[in-house]
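Engineer: Structure supplied as model33.cif; contents: mmCIF, C-alpha atoms.
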```cif
data_structure
loop_
_atom_site.label_atom_id
_atom_site.label_comp_id
_atom_site.auth_asym_id
_atom_site.auth_seq_id
_atom_site.Cartn_x
_atom_site.Cartn_y
_atom_site.Cartn_z
CA MET A 292 122.59 173.80 30.25
CA ASN A 293 125.57 175.88 31.44
CA ASP A 294 129.02 175.81 29.84
CA ASN A 295 130.39 173.10 32.15
CA GLU A 296 127.39 170.87 31.55
CA PHE A 297 127.56 171.48 27.81
CA ASN A 298 131.27 170.67 27.56
CA ALA A 299 130.77 167.53 29.65
CA ALA A 300 127.89 166.44 27.44
CA ILE A 301 130.00 166.89 24.28
CA LYS A 302 132.75 164.68 25.76
CA LEU A 303 130.22 162.01 26.79
CA LEU A 304 129.09 161.68 23.18
CA ASP A 305 132.22 159.56 22.69
CA ASP A 306 131.01 157.07 25.31
CA PRO A 307 128.84 154.47 23.51
CA ASP A 308 127.16 153.47 26.80
CA VAL A 309 125.59 156.89 27.37
CA ALA A 310 125.92 158.64 24.00
CA GLU A 311 122.27 158.13 23.00
CA ILE A 312 120.93 159.46 26.32
CA VAL A 313 123.27 162.46 26.22
CA GLU A 314 122.30 163.18 22.62
CA GLN A 315 118.62 163.24 23.61
CA GLN A 316 119.41 165.64 26.45
CA ILE A 317 121.18 167.99 24.05
CA VAL A 318 118.32 167.81 21.53
CA SER A 319 115.83 168.60 24.32
CA GLN A 320 117.54 171.99 24.76
CA GLY A 321 115.97 173.08 21.49
CA THR A 322 117.15 175.62 18.93
CA LYS A 323 118.83 177.87 21.52
CA ILE A 324 121.76 175.46 21.74
CA ILE A 325 122.41 175.28 17.99
CA GLY A 326 124.89 178.19 18.05
CA ARG A 327 127.11 176.42 20.60
CA LEU A 328 126.93 173.16 18.64
CA ARG A 329 128.04 174.99 15.51
CA GLU A 330 131.01 176.45 17.38
CA VAL A 331 132.09 172.92 18.34
CA SER A 332 131.57 171.77 14.76
CA GLN A 333 133.59 174.64 13.30
CA LYS A 334 136.44 174.12 15.78
CA ASN A 335 136.70 170.42 14.94
CA TYR A 336 136.35 171.13 11.21
CA VAL A 337 139.46 173.30 11.40
CA GLN A 338 141.18 170.52 13.34
CA LYS A 339 140.00 168.02 10.70
CA ASN A 340 138.15 165.96 13.30
CA SER A 341 135.40 164.80 10.95
CA ASP A 342 133.76 162.40 13.42
CA VAL A 343 132.83 165.24 15.79
CA VAL A 344 131.64 167.42 12.89
CA ILE A 345 129.33 164.63 11.72
CA LYS A 346 127.96 164.18 15.26
CA MET A 347 127.29 167.89 15.66
CA ASP A 348 125.57 168.13 12.27
CA LYS A 349 123.40 165.13 13.14
CA ILE A 350 122.31 166.65 16.46
CA ILE A 351 121.60 170.04 14.87
CA ASP A 352 119.51 168.29 12.22
CA GLN A 353 117.54 166.44 14.93
CA ILE A 354 116.91 169.68 16.82
CA TYR A 355 115.58 171.39 13.71
CA PHE A 356 113.32 168.43 12.92
CA SER A 357 111.96 168.28 16.48
CA HIS A 358 111.30 172.03 16.34
CA ILE A 359 109.46 171.72 13.02
CA ILE A 360 107.29 168.88 14.36
CA ASP A 361 106.30 171.11 17.30
CA ARG A 362 105.52 173.98 14.91
CA LEU A 363 103.38 171.68 12.75
CA LYS A 364 101.45 170.51 15.80
CA GLY A 365 100.76 174.14 16.60
CA TRP A 366 99.67 174.79 13.01
CA VAL A 367 97.22 171.87 13.09
CA GLY A 368 95.61 173.54 16.12
CA ASN A 369 95.09 176.72 14.07
CA SER A 370 95.30 175.81 10.40
CA SER A 371 93.87 179.00 8.89
CA ASN A 372 97.07 179.84 6.96
CA LEU A 373 97.50 177.24 4.21
CA LEU A 374 100.71 178.81 2.89
CA GLU A 375 102.27 178.52 6.35
CA GLY A 376 101.41 174.82 6.47
CA ALA A 377 103.13 174.23 3.12
CA TRP A 378 106.16 176.20 4.31
CA LEU A 379 106.46 174.13 7.50
CA VAL A 380 106.52 170.92 5.44
CA SER A 381 109.32 172.34 3.29
CA GLN A 382 111.27 173.20 6.43
CA VAL A 383 111.85 169.50 7.08
CA ASN A 384 114.41 169.71 4.27
CA TYR A 385 115.12 173.42 4.31
CA PRO A 386 114.93 174.58 7.96
CA LYS A 387 116.61 177.90 7.24
CA ILE A 388 113.95 179.05 4.76
CA ASP A 389 112.17 181.97 6.41
CA PHE A 390 108.40 182.37 6.10
CA LYS A 391 108.90 186.01 5.11
CA TYR A 392 110.63 184.77 1.96
CA ILE A 393 107.67 182.53 1.13
CA GLU A 394 105.25 185.39 1.80
CA SER A 395 107.24 187.71 -0.47
CA GLN A 396 107.11 185.14 -3.26
CA MET A 397 103.36 184.81 -2.81
CA SER A 398 103.01 188.59 -2.85
CA THR A 399 104.59 188.59 -6.31
CA VAL A 400 101.84 186.23 -7.42
CA TYR A 401 99.17 188.49 -5.90
CA ASP A 402 100.68 191.60 -7.50
CA ALA A 403 100.50 189.99 -10.93
CA VAL A 404 96.71 189.84 -10.68
CA VAL A 405 96.39 193.63 -10.28
CA GLY A 406 95.01 195.17 -13.42
CA GLU A 407 93.96 191.83 -14.89
CA TYR A 408 90.96 190.88 -12.76
CA CYS A 409 87.46 192.33 -13.05
CA LYS A 410 84.61 191.51 -10.66
CA ASN A 411 82.08 191.94 -13.45
CA TYR A 412 83.40 188.91 -15.29
CA SER A 413 81.47 185.64 -15.19
CA PRO A 414 83.04 182.74 -13.22
CA LEU A 415 84.42 181.14 -16.40
CA GLU A 416 85.80 184.47 -17.65
CA ARG A 417 87.51 184.96 -14.29
CA ILE A 418 89.23 181.60 -14.61
CA ARG A 419 90.41 182.39 -18.13
CA VAL A 420 92.02 185.58 -16.83
CA MET A 421 93.59 183.81 -13.87
CA ASN A 422 94.95 181.10 -16.16
CA TYR A 423 96.63 183.79 -18.23
CA VAL A 424 98.17 185.36 -15.12
CA PHE A 425 99.34 182.10 -13.52
CA TYR A 426 100.55 180.13 -16.55
CA LYS A 427 101.47 182.80 -19.10
CA LYS A 428 102.43 185.86 -17.09
CA LEU A 429 104.01 184.12 -14.06
CA LYS A 430 105.05 181.03 -16.08
CA PHE A 431 104.09 178.41 -13.51
CA HIS A 432 103.80 174.92 -14.99
CA SER A 433 103.40 171.28 -14.07
CA ASN A 434 106.49 169.18 -13.48
CA ASN A 435 105.62 166.46 -16.01
CA SER A 436 109.22 165.53 -16.76
CA GLU A 437 109.99 164.67 -13.12
CA MET A 438 106.62 163.74 -11.68
CA TYR A 439 108.08 162.17 -8.54
CA SER A 440 110.65 164.82 -7.75
CA PRO A 441 110.47 165.88 -4.06
CA CYS A 442 111.08 169.47 -5.22
CA SER A 443 107.56 169.50 -6.66
CA SER A 444 106.16 169.17 -3.13
CA LEU A 445 108.45 171.73 -1.48
CA ILE A 446 106.86 175.16 -1.74
CA ASN A 447 110.19 177.04 -1.72
CA LYS A 448 111.38 174.97 -4.69
CA VAL A 449 108.06 175.42 -6.48
CA PHE A 450 108.60 179.18 -6.31
CA GLU A 451 112.22 178.78 -7.40
CA TYR A 452 111.59 176.54 -10.42
CA LYS A 453 108.02 177.72 -11.17
CA GLN A 454 106.83 174.13 -11.38
CA GLY A 455 104.97 171.81 -9.02
CA ASN A 456 102.75 168.77 -8.62
CA THR A 457 98.97 168.48 -8.33
CA VAL A 458 98.89 169.65 -4.70
CA THR A 459 101.37 172.54 -4.76
CA MET A 460 99.94 173.91 -8.01
CA ALA A 461 96.45 173.81 -6.47
CA ILE A 462 97.68 175.55 -3.31
CA LEU A 463 99.29 178.46 -5.15
CA TYR A 464 96.60 178.81 -7.81
CA GLY A 465 93.85 178.55 -5.19
CA LEU A 466 95.44 181.15 -2.92
CA MET A 467 95.76 183.51 -5.86
CA LEU A 468 92.04 183.16 -6.62
CA GLN A 469 91.05 183.52 -2.98
CA LYS A 470 93.10 186.73 -2.76
CA VAL A 471 90.71 188.44 -5.17
CA GLY A 472 87.71 187.03 -3.32
CA LEU A 473 86.81 184.07 -5.51
CA PRO A 474 85.07 181.19 -3.65
CA VAL A 475 87.57 178.52 -4.63
CA TYR A 476 88.63 175.66 -2.36
CA CYS A 477 90.81 172.55 -2.53
CA VAL A 478 89.25 169.16 -3.28
CA ASN A 479 90.87 165.95 -2.06
CA MET A 480 90.62 163.97 -5.29
CA PRO A 481 92.56 160.66 -5.40
CA LYS A 482 95.30 160.50 -8.05
CA ASN A 483 94.82 164.21 -8.61
CA PHE A 484 94.08 167.33 -6.58
CA LEU A 485 91.54 169.84 -7.75
CA LEU A 486 89.85 173.12 -6.88
CA ALA A 487 86.12 173.66 -6.59
CA TYR A 488 84.50 176.94 -7.64
CA THR A 489 81.47 177.18 -5.36
CA ALA A 490 78.21 179.13 -5.53
CA GLU A 491 79.11 180.98 -2.33
CA GLU A 492 78.48 184.36 -3.98
CA CYS A 493 74.89 183.26 -4.65
CA GLY A 494 74.34 182.14 -1.08
CA HIS A 495 74.97 178.42 -1.76
CA PRO A 496 78.47 177.68 -0.39
CA GLU A 497 77.93 173.91 -0.50
CA GLU A 498 77.14 173.90 -4.22
CA VAL A 499 80.01 173.42 -6.67
CA ILE A 500 79.59 175.24 -10.00
CA PHE A 501 82.60 173.60 -11.62
CA TYR A 502 86.02 172.17 -10.85
CA ILE A 503 89.47 173.44 -11.85
CA ASN A 504 92.56 171.34 -12.54
CA PRO A 505 95.59 173.59 -11.82
CA TYR A 506 97.97 170.79 -12.83
CA ASN A 507 96.46 170.85 -16.34
CA LYS A 508 96.71 174.59 -17.05
CA GLY A 509 93.57 175.48 -15.11
CA MET A 510 91.25 173.25 -17.14
CA VAL A 511 87.61 173.57 -16.08
CA LEU A 512 85.79 170.30 -15.36
CA SER A 513 82.14 169.43 -14.75
CA ARG A 514 80.78 167.10 -12.08
CA LYS A 515 80.00 164.61 -14.83
CA GLU A 516 83.65 164.55 -15.86
CA ILE A 517 84.72 164.05 -12.23
CA ASP A 518 82.35 161.09 -11.89
CA PHE A 519 83.73 159.61 -15.10
CA PHE A 520 87.31 159.98 -13.83
CA LEU A 521 86.47 158.18 -10.58
CA LYS A 522 84.74 155.40 -12.50
CA LEU A 523 87.73 155.09 -14.83
CA GLN A 524 90.05 154.78 -11.82
CA LYS A 525 87.67 152.25 -10.23
CA ILE A 526 87.24 154.47 -7.18
CA LYS A 527 83.93 154.35 -5.34
CA PRO A 528 82.33 157.84 -5.32
CA SER A 529 82.45 159.70 -2.02
CA ASP A 530 81.69 163.25 -0.86
CA GLU A 531 85.30 163.39 0.31
CA TYR A 532 86.46 163.35 -3.32
CA ILE A 533 84.08 165.95 -4.72
CA LYS A 534 83.51 168.50 -1.96
CA PRO A 535 85.96 171.14 -0.63
CA CYS A 536 88.39 169.92 2.02
CA ASN A 537 90.02 171.83 4.85
CA ASN A 538 93.61 173.06 5.04
CA ILE A 539 94.71 170.16 7.24
CA THR A 540 93.65 167.62 4.60
CA THR A 541 95.44 169.65 1.92
CA ILE A 542 98.71 169.56 3.87
CA GLN A 543 98.20 165.86 4.57
CA ARG A 544 98.04 165.27 0.82
CA LEU A 545 101.18 167.36 0.42
CA VAL A 546 102.99 165.17 2.97
CA CYS A 547 101.57 162.01 1.37
CA GLY A 548 102.92 163.06 -2.01
CA LEU A 549 106.30 163.98 -0.56
CA LYS A 550 106.57 160.61 1.19
CA PHE A 551 105.70 158.88 -2.07
CA ALA A 552 108.36 160.90 -3.92
CA TYR A 553 111.01 159.90 -1.39
CA SER A 554 109.94 156.28 -1.73
CA CYS A 555 110.29 156.46 -5.53
CA ASN A 556 113.75 158.00 -5.10
CA GLU A 557 114.73 155.40 -2.46
CA ASP A 558 115.46 158.15 0.07
CA ILE A 559 114.75 156.09 3.19
CA GLY A 560 115.83 158.78 5.66
CA ASN A 561 113.43 161.41 4.39
CA PHE A 562 110.72 158.80 3.85
CA LYS A 563 110.84 157.92 7.54
CA ARG A 564 110.73 161.60 8.45
CA MET A 565 107.56 162.04 6.45
CA GLU A 566 106.10 159.10 8.36
CA GLU A 567 106.83 161.02 11.55
CA VAL A 568 105.25 164.16 10.09
CA GLU A 569 102.09 162.19 9.22
CA LYS A 570 101.63 161.35 12.91
CA VAL A 571 101.09 165.05 13.63
CA PHE A 572 97.64 164.94 12.02
CA PRO A 573 94.68 163.87 14.20
CA GLN A 574 93.18 161.69 11.44
CA GLN A 575 94.96 159.86 8.66
CA LEU A 576 93.93 159.81 5.01
CA ALA A 577 91.65 156.88 4.11
CA GLN A 578 93.48 153.58 3.81
CA GLY A 579 93.28 151.43 0.66
CA ILE A 580 93.17 154.47 -1.65
CA GLU A 581 95.95 155.18 -4.15
CA TRP A 582 96.24 158.91 -3.51
CA ASN A 583 99.24 159.52 -5.77
#
```
As a first step, turn the structure in this file into structure tokens.

Structural biologist:
Amino acid sequence: MNDNEFNAAIKLLDDPDVAEIVEQQIVSQGTKIIGRLREVSQKNYVQKNSDVVIKMDKIIDQIYFSHIIDRLKGWVGNSSNLLEGAWLVSQVNYPKIDFKYIESQMSTVYDAVVGEYCKNYSPLERIRVMNYVFYKKLKFHSNNSEMYSPCSSLINKVFEYKQGNTVTMAILYGLMLQKVGLPVYCVNMPKNFLLAYTAEECGHPEEVIFYINPYNKGMVLSRKEIDFFLKLQKIKPSDEYIKPCNNITTIQRLVCGLKFAYSCNEDIGNFKRMEEVEKVFPQQLAQGIEWN
């Protein structure tokens, strides 16, 4: 879109008969047009033309959201980086947060493990050490006072406030353990979200030695305790709830929790956006299950 076309498009936004079509055309230009839209916004802000400023901000917001949806679709096609998936979800609300910032925050977590971990420890001893690092040394904790705060699902805010929900705590704690080579993977447990410590080191990757609850200070749980929890919640046992899940399912649960938080806070706009984000995933979470 050249300058003449751009200026004409901006003027046509005042025409209610074509404004929606023109807006879509501008959005289709992608992030490369954001700089020019900001120039228009700044000019009209100085001139105190608030209507134009609001229109420009709305279009910029739509462009960012469309861009993030495209990035998420790309991530689903190659979902090896769990931290990146969590970052992309947070970008829906914080599009200017750079992944390098998230990586630097995660590096701080990794650095804290140095000098504390020993390969000769037993699996349970390893978890005790990691609990000390994560909860005592780094001071991460569960957000019990505001359980349905959207910030608990946004990875940049989890780093900022050092508190999260069941999913974000499991993501960070799990990545920390995986960094030192521990065979720990996320488990898609309804009304919770756990980690499974597998017997991968013994040549049995499908066998779970024990479970870890990062939301409850890294508490170790047995299969018997998991079965009891499911029975207590009147949830029919399924392999889906007790075996490791993939990164896509983990990010789906993150989105599910974020959508639920927006619903609890009556934030209809962001709730609808999370509905759009959910459509990115090839398969939806099982219906009829209270995940949160």

Engineer: I'd like the box whose edges run along x, y and z of the file and which contains every listed atom of segment 403-417 of chain A, padded by 5 Å per side; could you state its centre and edge lengths in Å, one decimal, as lines of an AutoDock Vina configuration file?

Structural biologist:
```
center_x = 91.0
center_y = 188.2
center_z = -14.0
size_x = 29.0
size_y = 24.0
size_z = 17.4
```

Engineer: Can you turn the PyMOL selection byres ((chain A and resi 390) around 12) into a concrete residue list for this file, as a ChimeraX atom specification?

Structural biologist: /A:372,374-382,385-389,391-397,446-447

Engineer: Skipping near chain neighbours, those fewer than 2 positions away, what residues fall within 12 Å of Ile351 of chain A using all atoms listed in the file, listed as a compact mmCIF listing (two decimals) with C-alpha atoms, in the coordinates of the input?

Structural biologist:
```txt
# COMPACT_ATOMS: atom_id res chain seq x y z
CA GLU A 314 122.30 163.18 22.62
CA GLN A 315 118.62 163.24 23.61
CA ILE A 317 121.18 167.99 24.05
CA VAL A 318 118.32 167.81 21.53
CA SER A 319 115.83 168.60 24.32
CA GLN A 320 117.54 171.99 24.76
CA GLY A 321 115.97 173.08 21.49
CA THR A 322 117.15 175.62 18.93
CA LYS A 323 118.83 177.87 21.52
CA ILE A 324 121.76 175.46 21.74
CA ILE A 325 122.41 175.28 17.99
CA GLY A 326 124.89 178.19 18.05
CA ARG A 327 127.11 176.42 20.60
CA LEU A 328 126.93 173.16 18.64
CA ARG A 329 128.04 174.99 15.51
CA GLU A 330 131.01 176.45 17.38
CA VAL A 331 132.09 172.92 18.34
CA SER A 332 131.57 171.77 14.76
CA VAL A 344 131.64 167.42 12.89
CA ILE A 345 129.33 164.63 11.72
CA LYS A 346 127.96 164.18 15.26
CA MET A 347 127.29 167.89 15.66
CA ASP A 348 125.57 168.13 12.27
CA LYS A 349 123.40 165.13 13.14
CA GLN A 353 117.54 166.44 14.93
CA ILE A 354 116.91 169.68 16.82
CA TYR A 355 115.58 171.39 13.71
CA PHE A 356 113.32 168.43 12.92
CA SER A 357 111.96 168.28 16.48
CA HIS A 358 111.30 172.03 16.34
CA PRO A 386 114.93 174.58 7.96
```

Engineer: To verify the selection step, state as a ChimeraX atom specification which residues the PyMOL selection byres ((chain A and resi 431) around 12) yields on this input.

Structural biologist: /A:400,421-430,432-434,443,448-456,459-461,463-464,505-509

Engineer: Record the distance separating atom CA of Ser529 of chain A and atom CA of Ser370 of chain A, expressed in Å with one decimal.

Structural biologist: 24.1 Å

Engineer: Find the residues near Phe501 of chain A: any atom within 6 Å, counting all atoms listed in the file, skip ones fewer than 2 places away on the same chain, and give them as a list in words.

Structural biologist: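 The filter keeps Tyr488, Val499, Leu512 and Ser513 of chain A.
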
Engineer: Would you pick out the contacts of Leu545 of chain A at 9 Å or less, using only C-alpha atoms, so that residues sharing its chain but fewer than 4 positions from it are not included, and give the list as a ChimeraX atom specification?

Structural biologist: /A:377,380,444-445,458-459,540-541,549-550

Engineer: Just want the 8 Å neighbourhood of Leu485 of chain A, counted on all atoms listed in the file, with same-chain residues fewer than 5 positions away dropped. Output as a list in words.

Structural biologist: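 Contacts, with the query itself left out: Thr457, Val458, Ala461, Cys477, Val478, Asn479, Met480, Tyr502, Ile503, Asn504 and Pro505 of chain A.
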
Engineer: Please evaluate the PyMOL selection byres ((chain A and resi 551) around 12) against the structure above and give the resulting residues as number ranges by chain.

Structural biologist: A: 438-441, 443-444, 544-550, 552-559, 561-566, 581-583

Engineer: Hey, what's within 12 Å of Cys409 of chain A if we count all atoms listed in the file and toss same-chain stuff fewer than 2 positions away? As a list in words, please?

Structural biologist: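 My reading of the contact set: Val404, Val405, Gly406, Glu407, Asn411, Tyr412, Ser413, Pro414, Glu416, Arg417, Ile418, Arg419, Val420, Met421, Val471, Gly472 and Leu473 of chain A.
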
Engineer: If you measure from atom CA of Thr399 of chain A to atom CA of Pro496 of chain A, what distance in Å do you get, rounded to one decimal?

Structural biologist: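 About the pair atom CA of Thr399 of chain A and atom CA of Pro496 of chain A: they are 28.9 Å apart.
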
Engineer: Of the candidates A:Pro481, A:Leu468, A:Ile359, A:Leu303, which one gets nearest to Gln524 of chain A if we count only C-alpha atoms?

Structural biologist: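 For Gln524 of chain A, the nearest of the given residues is A:Pro481.
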
Engineer: So how far away is atom CA of Met467 of chain A from atom CA of Ile517 of chain A, in Å?

Structural biologist: 23.3 Å

Engineer: Write only all heavy atoms for segment 475-486 of chain A from the block just shown, as a PDB file, in the first residue's frame.

Structural biologist:
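Just written: out_21.pdb:
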```pdb
ATOM      1  N   VAL A 475      11.150 -35.486  33.248  1.00  0.00           N
ATOM      2  CA  VAL A 475       9.916 -34.964  33.836  1.00  0.00           C
ATOM      3  C   VAL A 475       9.064 -34.321  32.745  1.00  0.00           C
ATOM      4  O   VAL A 475       9.572 -33.533  31.940  1.00  0.00           O
ATOM      5  CB  VAL A 475      10.233 -33.933  34.940  1.00  0.00           C
ATOM      6  CG1 VAL A 475       8.970 -33.282  35.454  1.00  0.00           C
ATOM      7  CG2 VAL A 475      10.988 -34.607  36.075  1.00  0.00           C
ATOM      8  N   TYR A 476       7.767 -34.661  32.741  1.00  0.00           N
ATOM      9  CA  TYR A 476       6.876 -34.186  31.680  1.00  0.00           C
ATOM     10  C   TYR A 476       5.512 -33.782  32.255  1.00  0.00           C
ATOM     11  O   TYR A 476       5.080 -34.304  33.292  1.00  0.00           O
ATOM     12  CB  TYR A 476       6.698 -35.267  30.616  1.00  0.00           C
ATOM     13  CG  TYR A 476       8.015 -35.764  30.062  1.00  0.00           C
ATOM     14  CD1 TYR A 476       8.617 -36.912  30.578  1.00  0.00           C
ATOM     15  CD2 TYR A 476       8.695 -35.056  29.077  1.00  0.00           C
ATOM     16  CE1 TYR A 476       9.857 -37.347  30.103  1.00  0.00           C
ATOM     17  CE2 TYR A 476       9.924 -35.482  28.590  1.00  0.00           C
ATOM     18  CZ  TYR A 476      10.500 -36.635  29.111  1.00  0.00           C
ATOM     19  OH  TYR A 476      11.723 -37.056  28.646  1.00  0.00           O
ATOM     20  N   CYS A 477       4.855 -32.878  31.573  1.00  0.00           N
ATOM     21  CA  CYS A 477       3.549 -32.388  32.013  1.00  0.00           C
ATOM     22  C   CYS A 477       2.482 -33.475  31.907  1.00  0.00           C
ATOM     23  O   CYS A 477       2.528 -34.332  31.025  1.00  0.00           O
ATOM     24  CB  CYS A 477       3.126 -31.185  31.177  1.00  0.00           C
ATOM     25  SG  CYS A 477       4.157 -29.720  31.412  1.00  0.00           S
ATOM     26  N   VAL A 478       1.509 -33.404  32.824  1.00  0.00           N
ATOM     27  CA  VAL A 478       0.382 -34.342  32.836  1.00  0.00           C
ATOM     28  C   VAL A 478      -0.913 -33.535  32.863  1.00  0.00           C
ATOM     29  O   VAL A 478      -1.100 -32.679  33.731  1.00  0.00           O
ATOM     30  CB  VAL A 478       0.440 -35.271  34.071  1.00  0.00           C
ATOM     31  CG1 VAL A 478      -0.792 -36.179  34.110  1.00  0.00           C
ATOM     32  CG2 VAL A 478       1.710 -36.107  34.048  1.00  0.00           C
ATOM     33  N   ASN A 479      -1.799 -33.837  31.937  1.00  0.00           N
ATOM     34  CA  ASN A 479      -3.035 -33.074  31.760  1.00  0.00           C
ATOM     35  C   ASN A 479      -4.123 -33.523  32.735  1.00  0.00           C
ATOM     36  O   ASN A 479      -5.134 -34.111  32.359  1.00  0.00           O
ATOM     37  CB  ASN A 479      -3.523 -33.237  30.310  1.00  0.00           C
ATOM     38  CG  ASN A 479      -4.655 -32.294  29.983  1.00  0.00           C
ATOM     39  OD1 ASN A 479      -4.793 -31.226  30.592  1.00  0.00           O
ATOM     40  ND2 ASN A 479      -5.499 -32.672  29.030  1.00  0.00           N
ATOM     41  N   MET A 480      -3.915 -33.207  33.996  1.00  0.00           N
ATOM     42  CA  MET A 480      -4.849 -33.608  35.050  1.00  0.00           C
ATOM     43  C   MET A 480      -5.976 -32.583  35.197  1.00  0.00           C
ATOM     44  O   MET A 480      -5.725 -31.394  35.380  1.00  0.00           O
ATOM     45  CB  MET A 480      -4.090 -33.718  36.374  1.00  0.00           C
ATOM     46  CG  MET A 480      -4.967 -33.847  37.600  1.00  0.00           C
ATOM     47  SD  MET A 480      -5.688 -35.466  37.780  1.00  0.00           S
ATOM     48  CE  MET A 480      -4.245 -36.426  38.198  1.00  0.00           C
ATOM     49  N   PRO A 481      -7.249 -33.011  35.119  1.00  0.00           N
ATOM     50  CA  PRO A 481      -8.359 -32.071  35.316  1.00  0.00           C
ATOM     51  C   PRO A 481      -8.315 -31.446  36.705  1.00  0.00           C
ATOM     52  O   PRO A 481      -7.931 -32.095  37.678  1.00  0.00           O
ATOM     53  CB  PRO A 481      -9.601 -32.959  35.157  1.00  0.00           C
ATOM     54  CG  PRO A 481      -9.147 -34.127  34.350  1.00  0.00           C
ATOM     55  CD  PRO A 481      -7.724 -34.369  34.780  1.00  0.00           C
ATOM     56  N   LYS A 482      -8.682 -30.176  36.785  1.00  0.00           N
ATOM     57  CA  LYS A 482      -8.730 -29.421  38.037  1.00  0.00           C
ATOM     58  C   LYS A 482      -7.360 -29.321  38.724  1.00  0.00           C
ATOM     59  O   LYS A 482      -7.277 -29.004  39.916  1.00  0.00           O
ATOM     60  CB  LYS A 482      -9.759 -30.020  38.992  1.00  0.00           C
ATOM     61  CG  LYS A 482     -11.190 -29.906  38.483  1.00  0.00           C
ATOM     62  CD  LYS A 482     -12.195 -30.248  39.549  1.00  0.00           C
ATOM     63  CE  LYS A 482     -13.611 -29.990  39.054  1.00  0.00           C
ATOM     64  NZ  LYS A 482     -14.619 -30.272  40.079  1.00  0.00           N
ATOM     65  N   ASN A 483      -6.341 -29.601  37.988  1.00  0.00           N
ATOM     66  CA  ASN A 483      -4.972 -29.477  38.462  1.00  0.00           C
ATOM     67  C   ASN A 483      -4.076 -29.606  37.241  1.00  0.00           C
ATOM     68  O   ASN A 483      -4.590 -29.738  36.128  1.00  0.00           O
ATOM     69  CB  ASN A 483      -4.639 -30.555  39.500  1.00  0.00           C
ATOM     70  CG  ASN A 483      -3.566 -30.109  40.482  1.00  0.00           C
ATOM     71  OD1 ASN A 483      -2.682 -29.336  40.131  1.00  0.00           O
ATOM     72  ND2 ASN A 483      -3.656 -30.595  41.715  1.00  0.00           N
ATOM     73  N   PHE A 484      -2.800 -29.567  37.407  1.00  0.00           N
ATOM     74  CA  PHE A 484      -1.870 -29.815  36.307  1.00  0.00           C
ATOM     75  C   PHE A 484      -0.570 -30.256  36.936  1.00  0.00           C
ATOM     76  O   PHE A 484       0.026 -29.515  37.720  1.00  0.00           O
ATOM     77  CB  PHE A 484      -1.665 -28.557  35.449  1.00  0.00           C
ATOM     78  CG  PHE A 484      -1.132 -28.852  34.079  1.00  0.00           C
ATOM     79  CD1 PHE A 484      -1.968 -29.283  33.069  1.00  0.00           C
ATOM     80  CD2 PHE A 484       0.214 -28.703  33.796  1.00  0.00           C
ATOM     81  CE1 PHE A 484      -1.491 -29.579  31.805  1.00  0.00           C
ATOM     82  CE2 PHE A 484       0.711 -28.984  32.537  1.00  0.00           C
ATOM     83  CZ  PHE A 484      -0.146 -29.426  31.525  1.00  0.00           C
ATOM     84  N   LEU A 485      -0.152 -31.472  36.629  1.00  0.00           N
ATOM     85  CA  LEU A 485       0.962 -32.080  37.337  1.00  0.00           C
ATOM     86  C   LEU A 485       2.157 -32.356  36.430  1.00  0.00           C
ATOM     87  O   LEU A 485       2.104 -32.109  35.229  1.00  0.00           O
ATOM     88  CB  LEU A 485       0.506 -33.402  37.978  1.00  0.00           C
ATOM     89  CG  LEU A 485      -0.714 -33.340  38.899  1.00  0.00           C
ATOM     90  CD1 LEU A 485      -1.070 -34.739  39.375  1.00  0.00           C
ATOM     91  CD2 LEU A 485      -0.461 -32.418  40.084  1.00  0.00           C
ATOM     92  N   LEU A 486       3.207 -32.878  37.044  1.00  0.00           N
ATOM     93  CA  LEU A 486       4.375 -33.362  36.316  1.00  0.00           C
ATOM     94  C   LEU A 486       4.572 -34.832  36.658  1.00  0.00           C
ATOM     95  O   LEU A 486       4.297 -35.257  37.787  1.00  0.00           O
ATOM     96  CB  LEU A 486       5.628 -32.572  36.708  1.00  0.00           C
ATOM     97  CG  LEU A 486       5.658 -31.084  36.321  1.00  0.00           C
ATOM     98  CD1 LEU A 486       6.864 -30.408  36.954  1.00  0.00           C
ATOM     99  CD2 LEU A 486       5.685 -30.909  34.819  1.00  0.00           C
TER     100      LEU A 486
END
```
